[in-house]
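Quick notes on the structure that follows.
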Amino acid sequence: MPSIQDFRQWPDARGRFGSFGGQYVAETLMAPLAELTEAYLRLREDPQFLAELDRDLTHYVGRPSPIYHAERLSQHVGGARILLKREDLNHTGAHKINNTIGQALVAKRMGKPRVIAETGAGQHGVATATVAARFGLKCVVYMGAVDIERQKINVYRMKLLGAEVVPVTSGSKTLKDALNEAMRDWVTHVADTFYIIGTVAGPHPYPMMVRDFNAIVGREARAQMLEQYGRLPDVLTACVGGGSNAIGLFHEFLNDEGVRMVGAEAAGEGIATGHHAASLAAGRPGVLHGNRTYVLCDEHGQIIETHSVSAGLDYPGVGPEHAFLKDAGRAEYVGVTDEEALEAFHLLARTEGILAALESSHAVAQAIKLARELPKDGIVLCNLSGRGDKDVHTIAAREGVQV
Amino acid sequence: MNRIDRRFNALKVAGRTGLIPFVTAGDPAPERAVDLMHALVDAGADIIELGVPFSDPMADGPVIQHASERAIAKGVGLVDVLAWVTAFRERDKDTPVVLMGYLNPVEIHGYQRFAAAAVTAGVDGVLLVDCPLEEAAVLAPLRKAGLKQILLAAPTTAPARMAQLCEAAEGFLYYVSFAGITGAGRLSTQDIATRVAELRSRAKAPVAVGFGVKDAQSAKAISEFADAVVIGSALVERLDGAKTAQDIAARVDDFLRPIRTALDAS
């Protein structure tokens, strides 16, 4: 059993982060998960695999991504320095590709010619379609019908990349339903299919594997901080839907006691209204999509429909490692409303010339709040997880502008 | 003795194959849920598998998912399902009832509280699809209260794991006859026969076979080598839209009776 003080050793051999995580899946998935776990545990120690991954992260994704001092934004806010980890500059425009490159390489090593994925905002779908093209794999992406409507550009982008996009019309027609559908596809075609999950949720080994592939964000950021500022930041912040970009940033810093961590969840129209997606801030422990974690459900245990202006945060569960970090008191999770996120989006656009994704705008809004609490020499490091080009239509529509 | 064991003993003595229909509780009509259960027994059911509606039924196909959605839209929850079993037991003290569903509704209800309520209602076993043996420690209060934990085995289950499942099996072991979701695909009877024969020789409980069984012919083929046959999606599909008790009973009879007859002829 890993020590509770060493936050970086989790999960245990059974895929548990404290009491969270695990493998809550039907019997038919136990064998494929065992096969994947075995393959991944071997590959994560395989120098050749890691070198191959590294090469692609450098020459294909464009890593390392810089940390950028948002000086005019910081000045405008009037508090601590706000630094942005520029994951928006990656190929395909978000952190998602860190993970899909990794999993596609695992798929290739496992001899699976077909990959499937679920997607909410479409970023993970695009990142999967991209790497599928890059490695010559057949690609099918499941996407909620509501999300397809919200993210037309990304749908077309996936098609241009050669992927088949399957609309999901069951349930709330959003990310969680796409995940259900992808899981079904996997059960049915497990012999030749690799399921590339896009966030740090799902059954073990996914929360660990997706975290490992995104942990490059924190590894780079920590080294960049020491090199460029000679110190670690006072506080980290990132948006949390499933939580992959947040855990990616947090993980390397987990044992740095002096570094505070704040996850920004989607509070939608406000937590009190019930129209939100803040699983950690307003949910309770339960079991969803193969793992024990915080979920949003009613008194009958039915998972409820969530709301957020950003499709990528519109998810009623959250990665089990975040649930663990919350209960252990190592990280805090707070809600940021649609309104606050949009305000941050505009402010960042005008002060820094950066269009952030609506998801990432939640983190920017939280960074602004945190910067106000800290002295001028303090440092807030915010994960700018994706760029906002995909959201331009959503924002225009919301503000009554015809594009 | 638990009703499930008693029923399988009786089937064995009579040399019959068990018939286990699955219906989603509250579908097609919540106010007819208890009538539906009695209709299943009247048409020849040996054990009733009652699905507890869940919003995210990952392991089920579209037919059962839609049945779940319809029931949830009518406000059906775990508490209603337990009330229906209680009402069913007023007239039927013998037919075993197994609740089939997902972990979250039970987790939210509370394991201890659920175990007590289920036993009081007259539930005999639970099949929680997303709770494999590895995670079953949470179900200790259920087992302690006397509820059988029905386990699943699949074509993809590795040999070492199969041995564990056989050892832990109670009530009956539910063999899902192909690697997929409920209600789809074709099954190769020969493959299933081989696997089930092996399971039956080792499992500490009878073996029921399900997933993809849809009519008298496929049920009869399976009855040659299984202790019981489970029928789900095809029945749920047949019931969709039925409103009155008579209509439900007629559809159940129409669907199950030929299967019962075929099983008994084998």
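Letters A, B, ... mark the chains of the structure tokens in the order given; residue numbers begin at 1 per chain; ligand numbers begin at 1, in order shown.
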Point to revise | Contact residues around Ile153 in chain A with only C-alpha atoms at 9 Å, ignoring same-chain residues under 4 positions, as a list in words | key: Gly122, Ile148, Arg157, Met158 and Lys390 of chain A
Check your understanding: Which neighbours of range 54-58 of chain B fall inside 7 Å, counting only C-alpha atoms, when residues of the same chain fewer than 4 positions from it are skipped, and could you give them as a list in words?
Key -> Asn180, Met183, Arg184, Gln302 and Ile303 of chain A; Gln65, Ser68, Glu69 and Tyr102 of chain B
May I have the selected residues written with all heavy atoms, as a tab-separated table (two decimals), in the first residue's frame?
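Dumped to again23.tsv:
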```tsv
chain	number	residue	atom	x	y	z
A	180	ASN	N	-20.54	5.74	-22.78
A	180	ASN	CA	-21.27	4.47	-22.70
A	180	ASN	C	-21.21	3.74	-24.03
A	180	ASN	O	-20.97	2.53	-24.10
A	180	ASN	CB	-22.75	4.72	-22.36
A	180	ASN	CG	-22.95	5.16	-20.93
A	180	ASN	OD1	-22.15	4.85	-20.06
A	180	ASN	ND2	-24.01	5.91	-20.68
A	183	MET	N	-17.80	2.36	-24.91
A	183	MET	CA	-17.54	1.18	-24.08
A	183	MET	C	-18.22	-0.04	-24.69
A	183	MET	O	-17.66	-1.13	-24.71
A	183	MET	CB	-18.08	1.48	-22.68
A	183	MET	CG	-17.46	0.67	-21.57
A	183	MET	SD	-15.74	1.07	-21.23
A	183	MET	CE	-15.90	2.24	-19.91
A	184	ARG	N	-19.43	0.15	-25.20
A	184	ARG	CA	-20.16	-0.95	-25.84
A	184	ARG	C	-19.44	-1.43	-27.10
A	184	ARG	O	-19.34	-2.63	-27.36
A	184	ARG	CB	-21.56	-0.48	-26.25
A	184	ARG	CG	-22.46	-0.29	-25.09
A	184	ARG	CD	-23.85	0.06	-25.59
A	184	ARG	NE	-24.68	0.35	-24.45
A	184	ARG	CZ	-25.50	1.38	-24.36
A	184	ARG	NH1	-25.64	2.21	-25.36
A	184	ARG	NH2	-26.20	1.56	-23.28
A	302	GLN	N	-29.52	7.84	-9.93
A	302	GLN	CA	-29.44	8.09	-11.38
A	302	GLN	C	-28.52	9.27	-11.64
A	302	GLN	O	-28.62	10.30	-10.98
A	302	GLN	CB	-30.83	8.41	-11.97
A	302	GLN	CG	-31.92	7.44	-11.59
A	302	GLN	CD	-31.70	6.03	-12.11
A	302	GLN	OE1	-30.72	5.74	-12.79
A	302	GLN	NE2	-32.60	5.14	-11.77
A	303	ILE	N	-27.64	9.09	-12.62
A	303	ILE	CA	-26.71	10.16	-12.98
A	303	ILE	C	-27.53	11.28	-13.62
A	303	ILE	O	-28.42	11.04	-14.45
A	303	ILE	CB	-25.66	9.63	-13.98
A	303	ILE	CG1	-24.92	8.42	-13.38
A	303	ILE	CG2	-24.68	10.72	-14.38
A	303	ILE	CD1	-24.27	8.63	-12.03
B	65	GLN	N	-31.49	-0.26	-22.63
B	65	GLN	CA	-31.23	1.13	-22.27
B	65	GLN	C	-32.50	1.97	-22.45
B	65	GLN	O	-32.86	2.78	-21.60
B	65	GLN	CB	-30.11	1.74	-23.10
B	65	GLN	CG	-30.01	3.26	-22.86
B	65	GLN	CD	-28.67	3.85	-23.22
B	65	GLN	OE1	-27.98	3.34	-24.07
B	65	GLN	NE2	-28.32	4.93	-22.55
B	68	SER	N	-34.94	1.30	-19.76
B	68	SER	CA	-34.48	2.01	-18.56
B	68	SER	C	-34.85	3.48	-18.62
B	68	SER	O	-35.36	4.05	-17.66
B	68	SER	CB	-32.96	1.90	-18.44
B	68	SER	OG	-32.58	0.97	-17.46
B	69	GLU	N	-34.60	4.09	-19.77
B	69	GLU	CA	-34.90	5.52	-19.93
B	69	GLU	C	-36.40	5.78	-19.77
B	69	GLU	O	-36.81	6.76	-19.15
B	69	GLU	CB	-34.42	6.02	-21.30
B	69	GLU	CG	-32.91	6.24	-21.35
B	69	GLU	CD	-32.39	6.53	-22.76
B	69	GLU	OE1	-33.21	6.70	-23.69
B	69	GLU	OE2	-31.16	6.57	-22.92
B	102	TYR	N	-27.06	-1.90	-11.78
B	102	TYR	CA	-25.73	-1.31	-11.66
B	102	TYR	C	-25.52	-0.84	-10.22
B	102	TYR	O	-26.48	-0.67	-9.46
B	102	TYR	CB	-25.58	-0.17	-12.66
B	102	TYR	CG	-25.58	-0.70	-14.08
B	102	TYR	CD1	-26.77	-1.06	-14.71
B	102	TYR	CD2	-24.40	-0.91	-14.76
B	102	TYR	CE1	-26.77	-1.59	-15.99
B	102	TYR	CE2	-24.38	-1.43	-16.04
B	102	TYR	CZ	-25.57	-1.77	-16.66
B	102	TYR	OH	-25.56	-2.29	-17.93
```
Review point. Nearest to Ala80 in chain A: which of A:Val61, A:Ala371, A:Ala397, A:Cys239 is it, counting only C-alpha atoms?
Key: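 Answer, going by the shortest atom-to-atom distance: A:Ala371.
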Review point. Which neighbours of Ile231 in chain B fall inside 8 Å, counting only C-alpha atoms, when residues of the same chain fewer than 3 positions from it are skipped, and could you give them as a list in words?
Key: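 Answer for this query is Leu19, Ile20, Pro21, Phe22, Gly210, Phe211, Gly212, Val213, Lys214, Ala234 and Leu235 of chain B.
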Export all heavy atoms of the chosen residues as a tab-separated table (two decimals), in the first residue's frame?
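The resulting selection35.tsv:
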```tsv
chain	number	residue	atom	x	y	z
B	19	LEU	N	-36.17	-21.46	-16.83
B	19	LEU	CA	-36.44	-20.33	-17.72
B	19	LEU	C	-36.40	-19.05	-16.89
B	19	LEU	O	-37.16	-18.90	-15.94
B	19	LEU	CB	-37.81	-20.51	-18.39
B	19	LEU	CG	-38.31	-19.35	-19.26
B	19	LEU	CD1	-37.33	-19.04	-20.39
B	19	LEU	CD2	-39.69	-19.68	-19.85
B	20	ILE	N	-35.48	-18.17	-17.24
B	20	ILE	CA	-35.29	-16.93	-16.47
B	20	ILE	C	-35.52	-15.71	-17.36
B	20	ILE	O	-34.62	-15.27	-18.07
B	20	ILE	CB	-33.86	-16.86	-15.85
B	20	ILE	CG1	-33.51	-18.17	-15.14
B	20	ILE	CG2	-33.74	-15.66	-14.92
B	20	ILE	CD1	-32.13	-18.18	-14.49
B	21	PRO	N	-36.74	-15.18	-17.38
B	21	PRO	CA	-36.97	-13.97	-18.16
B	21	PRO	C	-36.47	-12.73	-17.41
B	21	PRO	O	-36.53	-12.67	-16.19
B	21	PRO	CB	-38.49	-13.93	-18.32
B	21	PRO	CG	-39.01	-14.69	-17.15
B	21	PRO	CD	-37.97	-15.68	-16.75
B	22	PHE	N	-35.98	-11.78	-18.19
B	22	PHE	CA	-35.57	-10.48	-17.64
B	22	PHE	C	-36.55	-9.42	-18.12
B	22	PHE	O	-36.88	-9.37	-19.31
B	22	PHE	CB	-34.16	-10.11	-18.14
B	22	PHE	CG	-33.79	-8.66	-17.88
B	22	PHE	CD1	-33.05	-8.31	-16.76
B	22	PHE	CD2	-34.19	-7.65	-18.76
B	22	PHE	CE1	-32.72	-6.98	-16.52
B	22	PHE	CE2	-33.86	-6.32	-18.52
B	22	PHE	CZ	-33.12	-5.98	-17.41
B	210	GLY	N	-27.18	-16.73	-21.07
B	210	GLY	CA	-28.01	-15.65	-21.60
B	210	GLY	C	-27.26	-14.78	-22.57
B	210	GLY	O	-26.15	-15.10	-22.98
B	211	PHE	N	-27.83	-13.68	-22.94
B	211	PHE	CA	-27.31	-12.70	-23.90
B	211	PHE	C	-27.48	-13.25	-25.31
B	211	PHE	O	-26.73	-14.11	-25.75
B	211	PHE	CB	-25.83	-12.36	-23.65
B	211	PHE	CG	-25.61	-11.36	-22.55
B	211	PHE	CD1	-26.38	-11.40	-21.40
B	211	PHE	CD2	-24.65	-10.35	-22.65
B	211	PHE	CE1	-26.18	-10.49	-20.38
B	211	PHE	CE2	-24.45	-9.43	-21.63
B	211	PHE	CZ	-25.20	-9.52	-20.49
B	212	GLY	N	-28.45	-12.75	-26.02
B	212	GLY	CA	-28.62	-13.14	-27.41
B	212	GLY	C	-29.65	-14.25	-27.62
B	212	GLY	O	-29.88	-14.66	-28.74
B	213	VAL	N	-30.28	-14.74	-26.53
B	213	VAL	CA	-31.32	-15.76	-26.68
B	213	VAL	C	-32.63	-15.04	-26.97
B	213	VAL	O	-33.01	-14.14	-26.24
B	213	VAL	CB	-31.46	-16.59	-25.38
B	213	VAL	CG1	-32.47	-17.71	-25.58
B	213	VAL	CG2	-30.12	-17.15	-24.95
B	214	LYS	N	-33.29	-15.41	-28.10
B	214	LYS	CA	-34.43	-14.58	-28.46
B	214	LYS	C	-35.72	-15.33	-28.83
B	214	LYS	O	-36.77	-14.72	-28.98
B	214	LYS	CB	-34.07	-13.61	-29.58
B	214	LYS	CG	-33.54	-14.29	-30.83
B	214	LYS	CD	-33.18	-13.23	-31.87
B	214	LYS	CE	-32.79	-13.86	-33.20
B	214	LYS	NZ	-31.67	-14.83	-33.09
B	234	ALA	N	-35.19	-9.49	-26.11
B	234	ALA	CA	-36.27	-9.86	-27.02
B	234	ALA	C	-37.63	-9.71	-26.33
B	234	ALA	O	-38.61	-9.27	-26.94
B	234	ALA	CB	-36.08	-11.29	-27.52
B	235	LEU	N	-37.67	-10.05	-25.04
B	235	LEU	CA	-38.91	-9.93	-24.27
B	235	LEU	C	-39.24	-8.45	-24.00
B	235	LEU	O	-40.39	-8.02	-24.15
B	235	LEU	CB	-38.77	-10.69	-22.95
B	235	LEU	CG	-39.91	-10.57	-21.94
B	235	LEU	CD1	-41.24	-11.01	-22.55
B	235	LEU	CD2	-39.61	-11.41	-20.70
```
Point to revise | chain B contacts on chain A, only C-alpha atoms, 9 Å, as an MDAnalysis selection string | key: chainID A and resid 14 22:32 170:171 176:177 179:181 183:190 284:290 297:304
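With CA of Ala219 in chain B on one side and CA of Asp42 in chain B on the other, the separation reads 18.4 Å.
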**Study point:** DSSP alpha helix (DSSP H) residues within range 109-187 of chain B, as a PyMOL selection string
**Key:** chain B and resi 109+111-121+140-144+159-168
Write to file, as a compact mmCIF listing (two decimals), in the first residue's frame, the residues of the selection just made, with N, CA and C atoms.
```
# COMPACT_ATOMS: atom_id res chain seq x y z
N HIS B 109 -28.30 4.27 -2.17
CA HIS B 109 -29.31 3.83 -1.21
C HIS B 109 -28.62 3.45 0.11
N TYR B 111 -25.52 0.30 1.25
CA TYR B 111 -25.47 -1.16 1.14
C TYR B 111 -26.26 -1.85 2.27
N GLN B 112 -26.04 -1.38 3.50
CA GLN B 112 -26.69 -1.96 4.67
C GLN B 112 -28.21 -1.82 4.55
N ARG B 113 -28.62 -0.62 4.25
CA ARG B 113 -30.05 -0.31 4.18
C ARG B 113 -30.71 -1.08 3.04
N PHE B 114 -30.00 -1.15 1.90
CA PHE B 114 -30.53 -1.90 0.76
C PHE B 114 -30.68 -3.38 1.11
N ALA B 115 -29.65 -3.95 1.76
CA ALA B 115 -29.67 -5.38 2.08
C ALA B 115 -30.90 -5.71 2.93
N ALA B 116 -31.12 -4.92 3.95
CA ALA B 116 -32.25 -5.17 4.85
C ALA B 116 -33.57 -5.03 4.10
N ALA B 117 -33.70 -3.96 3.32
CA ALA B 117 -34.96 -3.70 2.61
C ALA B 117 -35.23 -4.79 1.56
N ALA B 118 -34.17 -5.23 0.88
CA ALA B 118 -34.34 -6.23 -0.18
C ALA B 118 -34.79 -7.57 0.41
N VAL B 119 -34.17 -7.96 1.53
CA VAL B 119 -34.54 -9.23 2.16
C VAL B 119 -35.99 -9.15 2.66
N THR B 120 -36.34 -8.05 3.28
CA THR B 120 -37.71 -7.86 3.77
C THR B 120 -38.71 -7.92 2.62
N ALA B 121 -38.34 -7.33 1.48
CA ALA B 121 -39.24 -7.32 0.33
C ALA B 121 -39.41 -8.71 -0.27
N ALA B 140 -20.52 -7.08 0.94
CA ALA B 140 -20.54 -7.94 2.14
C ALA B 140 -21.87 -7.85 2.92
N PRO B 141 -22.40 -6.65 3.14
CA PRO B 141 -23.68 -6.57 3.88
C PRO B 141 -24.82 -7.30 3.17
N LEU B 142 -24.76 -7.36 1.83
CA LEU B 142 -25.81 -8.04 1.08
C LEU B 142 -25.72 -9.55 1.30
N ARG B 143 -24.50 -10.06 1.21
CA ARG B 143 -24.31 -11.50 1.39
C ARG B 143 -24.67 -11.90 2.82
N LYS B 144 -24.28 -11.03 3.77
CA LYS B 144 -24.55 -11.31 5.18
C LYS B 144 -26.06 -11.39 5.43
N PRO B 159 -8.82 -18.53 -17.96
CA PRO B 159 -8.98 -19.76 -17.19
C PRO B 159 -8.81 -19.59 -15.67
N ALA B 160 -7.77 -18.87 -15.25
CA ALA B 160 -7.52 -18.74 -13.82
C ALA B 160 -8.68 -18.02 -13.13
N ARG B 161 -9.19 -17.02 -13.83
CA ARG B 161 -10.29 -16.24 -13.31
C ARG B 161 -11.57 -17.07 -13.29
N MET B 162 -11.73 -17.90 -14.33
CA MET B 162 -12.90 -18.75 -14.41
C MET B 162 -12.96 -19.67 -13.18
N ALA B 163 -11.79 -20.17 -12.77
CA ALA B 163 -11.73 -21.04 -11.60
C ALA B 163 -12.20 -20.29 -10.35
N GLN B 164 -11.77 -19.01 -10.24
CA GLN B 164 -12.20 -18.18 -9.11
C GLN B 164 -13.71 -17.99 -9.10
N LEU B 165 -14.25 -17.72 -10.30
CA LEU B 165 -15.70 -17.48 -10.42
C LEU B 165 -16.48 -18.73 -10.05
N CYS B 166 -15.98 -19.89 -10.53
CA CYS B 166 -16.66 -21.16 -10.23
C CYS B 166 -16.68 -21.40 -8.72
N GLU B 167 -15.58 -21.06 -8.08
CA GLU B 167 -15.43 -21.27 -6.65
C GLU B 167 -16.38 -20.33 -5.87
N ALA B 168 -16.51 -19.11 -6.36
CA ALA B 168 -17.31 -18.10 -5.64
C ALA B 168 -18.79 -18.14 -6.01
```
Check your understanding: Just asking: which residues within range 16-138 of chain B are strand (DSSP E) according to DSSP, as a list in words?
Key ->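 Matching residues for strand (DSSP E) in range 16-138 of chain B are Gly18, Leu19, Ile20, Pro21, Phe22, Val23, Thr24, Ile48, Glu49, Leu50, Gly51, Val97, Val98, Leu99, Met100, Gly101, Gly125, Val126, Leu127 and Leu128 of chain B.
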Include all heavy atoms and write out the residues we just selected as a short mmCIF file (atom, residue, chain, number, x, y, z; two decimals), in the first residue's frame.
```cif
data_model
loop_
_atom_site.label_atom_id
_atom_site.label_comp_id
_atom_site.auth_asym_id
_atom_site.auth_seq_id
_atom_site.Cartn_x
_atom_site.Cartn_y
_atom_site.Cartn_z
N GLY B 18 -34.28 -24.51 -16.52
CA GLY B 18 -34.90 -23.31 -15.95
C GLY B 18 -35.10 -22.23 -17.00
O GLY B 18 -34.31 -22.09 -17.94
N LEU B 19 -36.17 -21.46 -16.83
CA LEU B 19 -36.44 -20.33 -17.72
C LEU B 19 -36.40 -19.05 -16.89
O LEU B 19 -37.16 -18.90 -15.94
CB LEU B 19 -37.81 -20.51 -18.39
CG LEU B 19 -38.31 -19.35 -19.26
CD1 LEU B 19 -37.33 -19.04 -20.39
CD2 LEU B 19 -39.69 -19.68 -19.85
N ILE B 20 -35.48 -18.17 -17.24
CA ILE B 20 -35.29 -16.93 -16.47
C ILE B 20 -35.52 -15.71 -17.36
O ILE B 20 -34.62 -15.27 -18.07
CB ILE B 20 -33.86 -16.86 -15.85
CG1 ILE B 20 -33.51 -18.17 -15.14
CG2 ILE B 20 -33.74 -15.66 -14.92
CD1 ILE B 20 -32.13 -18.18 -14.49
N PRO B 21 -36.74 -15.18 -17.38
CA PRO B 21 -36.97 -13.97 -18.16
C PRO B 21 -36.47 -12.73 -17.41
O PRO B 21 -36.53 -12.67 -16.19
CB PRO B 21 -38.49 -13.93 -18.32
CG PRO B 21 -39.01 -14.69 -17.15
CD PRO B 21 -37.97 -15.68 -16.75
N PHE B 22 -35.98 -11.78 -18.19
CA PHE B 22 -35.57 -10.48 -17.64
C PHE B 22 -36.55 -9.42 -18.12
O PHE B 22 -36.88 -9.37 -19.31
CB PHE B 22 -34.16 -10.11 -18.14
CG PHE B 22 -33.79 -8.66 -17.88
CD1 PHE B 22 -33.05 -8.31 -16.76
CD2 PHE B 22 -34.19 -7.65 -18.76
CE1 PHE B 22 -32.72 -6.98 -16.52
CE2 PHE B 22 -33.86 -6.32 -18.52
CZ PHE B 22 -33.12 -5.98 -17.41
N VAL B 23 -37.02 -8.60 -17.19
CA VAL B 23 -37.77 -7.40 -17.59
C VAL B 23 -37.21 -6.20 -16.84
O VAL B 23 -36.66 -6.35 -15.75
CB VAL B 23 -39.29 -7.53 -17.30
CG1 VAL B 23 -39.95 -8.56 -18.21
CG2 VAL B 23 -39.55 -7.86 -15.84
N THR B 24 -37.34 -5.03 -17.44
CA THR B 24 -36.93 -3.81 -16.75
C THR B 24 -38.08 -3.38 -15.86
O THR B 24 -39.20 -3.19 -16.35
CB THR B 24 -36.60 -2.71 -17.76
OG1 THR B 24 -35.51 -3.15 -18.57
CG2 THR B 24 -36.21 -1.41 -17.07
N ILE B 48 -37.39 -14.86 -11.76
CA ILE B 48 -37.58 -13.56 -12.43
C ILE B 48 -36.34 -12.70 -12.21
O ILE B 48 -35.87 -12.55 -11.08
CB ILE B 48 -38.82 -12.83 -11.87
CG1 ILE B 48 -40.09 -13.62 -12.21
CG2 ILE B 48 -38.90 -11.40 -12.43
CD1 ILE B 48 -41.34 -13.00 -11.62
N GLU B 49 -35.84 -12.19 -13.32
CA GLU B 49 -34.76 -11.22 -13.23
C GLU B 49 -35.37 -9.85 -13.47
O GLU B 49 -35.90 -9.57 -14.55
CB GLU B 49 -33.71 -11.51 -14.30
CG GLU B 49 -32.33 -11.69 -13.71
CD GLU B 49 -31.29 -11.97 -14.78
OE1 GLU B 49 -31.20 -11.18 -15.73
OE2 GLU B 49 -30.62 -12.98 -14.65
N LEU B 50 -35.29 -9.01 -12.45
CA LEU B 50 -35.94 -7.72 -12.51
C LEU B 50 -34.88 -6.63 -12.62
O LEU B 50 -34.06 -6.46 -11.71
CB LEU B 50 -36.76 -7.55 -11.22
CG LEU B 50 -37.89 -6.55 -11.18
CD1 LEU B 50 -38.88 -6.76 -12.32
CD2 LEU B 50 -38.61 -6.64 -9.83
N GLY B 51 -34.88 -5.93 -13.75
CA GLY B 51 -33.87 -4.91 -13.97
C GLY B 51 -34.19 -3.63 -13.20
O GLY B 51 -35.30 -3.12 -13.29
N VAL B 97 -36.68 -14.09 -7.03
CA VAL B 97 -36.53 -12.81 -7.72
C VAL B 97 -35.09 -12.33 -7.57
O VAL B 97 -34.58 -12.24 -6.44
CB VAL B 97 -37.50 -11.75 -7.16
CG1 VAL B 97 -37.23 -10.39 -7.79
CG2 VAL B 97 -38.96 -12.16 -7.38
N VAL B 98 -34.48 -12.06 -8.69
CA VAL B 98 -33.11 -11.53 -8.69
C VAL B 98 -33.17 -10.11 -9.25
O VAL B 98 -33.74 -9.88 -10.31
CB VAL B 98 -32.19 -12.40 -9.58
CG1 VAL B 98 -30.82 -11.75 -9.74
CG2 VAL B 98 -32.05 -13.80 -9.00
N LEU B 99 -32.60 -9.17 -8.52
CA LEU B 99 -32.52 -7.80 -9.04
C LEU B 99 -31.24 -7.67 -9.84
O LEU B 99 -30.16 -8.04 -9.38
CB LEU B 99 -32.52 -6.78 -7.90
CG LEU B 99 -33.75 -6.70 -7.00
CD1 LEU B 99 -33.66 -5.47 -6.10
CD2 LEU B 99 -35.04 -6.67 -7.82
N MET B 100 -31.39 -7.15 -11.06
CA MET B 100 -30.22 -6.97 -11.91
C MET B 100 -30.06 -5.48 -12.20
O MET B 100 -31.04 -4.81 -12.53
CB MET B 100 -30.43 -7.72 -13.21
CG MET B 100 -29.27 -7.60 -14.18
SD MET B 100 -29.42 -8.83 -15.48
CE MET B 100 -27.99 -8.43 -16.49
N GLY B 101 -28.86 -4.99 -12.03
CA GLY B 101 -28.68 -3.57 -12.29
C GLY B 101 -27.23 -3.16 -12.08
O GLY B 101 -26.32 -3.98 -12.19
N GLY B 125 -31.68 -12.59 -4.73
CA GLY B 125 -30.31 -12.42 -5.19
C GLY B 125 -30.15 -11.10 -5.94
O GLY B 125 -31.14 -10.46 -6.30
N VAL B 126 -28.89 -10.71 -6.15
CA VAL B 126 -28.62 -9.50 -6.92
C VAL B 126 -27.54 -9.79 -7.94
O VAL B 126 -26.61 -10.55 -7.68
CB VAL B 126 -28.14 -8.32 -6.03
CG1 VAL B 126 -29.25 -7.82 -5.15
CG2 VAL B 126 -26.93 -8.72 -5.21
N LEU B 127 -27.70 -9.19 -9.11
CA LEU B 127 -26.67 -9.27 -10.13
C LEU B 127 -26.29 -7.84 -10.46
O LEU B 127 -27.04 -7.14 -11.13
CB LEU B 127 -27.21 -9.99 -11.37
CG LEU B 127 -26.19 -10.55 -12.37
CD1 LEU B 127 -26.88 -11.33 -13.45
CD2 LEU B 127 -25.30 -9.47 -12.97
N LEU B 128 -25.18 -7.41 -9.90
CA LEU B 128 -24.75 -6.03 -10.14
C LEU B 128 -23.69 -6.08 -11.23
O LEU B 128 -22.56 -6.52 -11.01
CB LEU B 128 -24.27 -5.40 -8.85
CG LEU B 128 -25.45 -5.24 -7.86
CD1 LEU B 128 -24.98 -5.05 -6.44
CD2 LEU B 128 -26.36 -4.09 -8.29
#
```
Practice item. For range 199-208 of chain A, work out the shell of residues within 10 Å, counting only C-alpha atoms and skipping chain neighbours fewer than 4 positions away, then give it as number ranges by chain. Key: A: 10-11, 13-17, 21-25, 29-30, 33-34, 36-38, 40-41, 96, 99, 103, 118-119, 124, 179, 183, 195, 212-214, 241-248, 288-293, 317-322
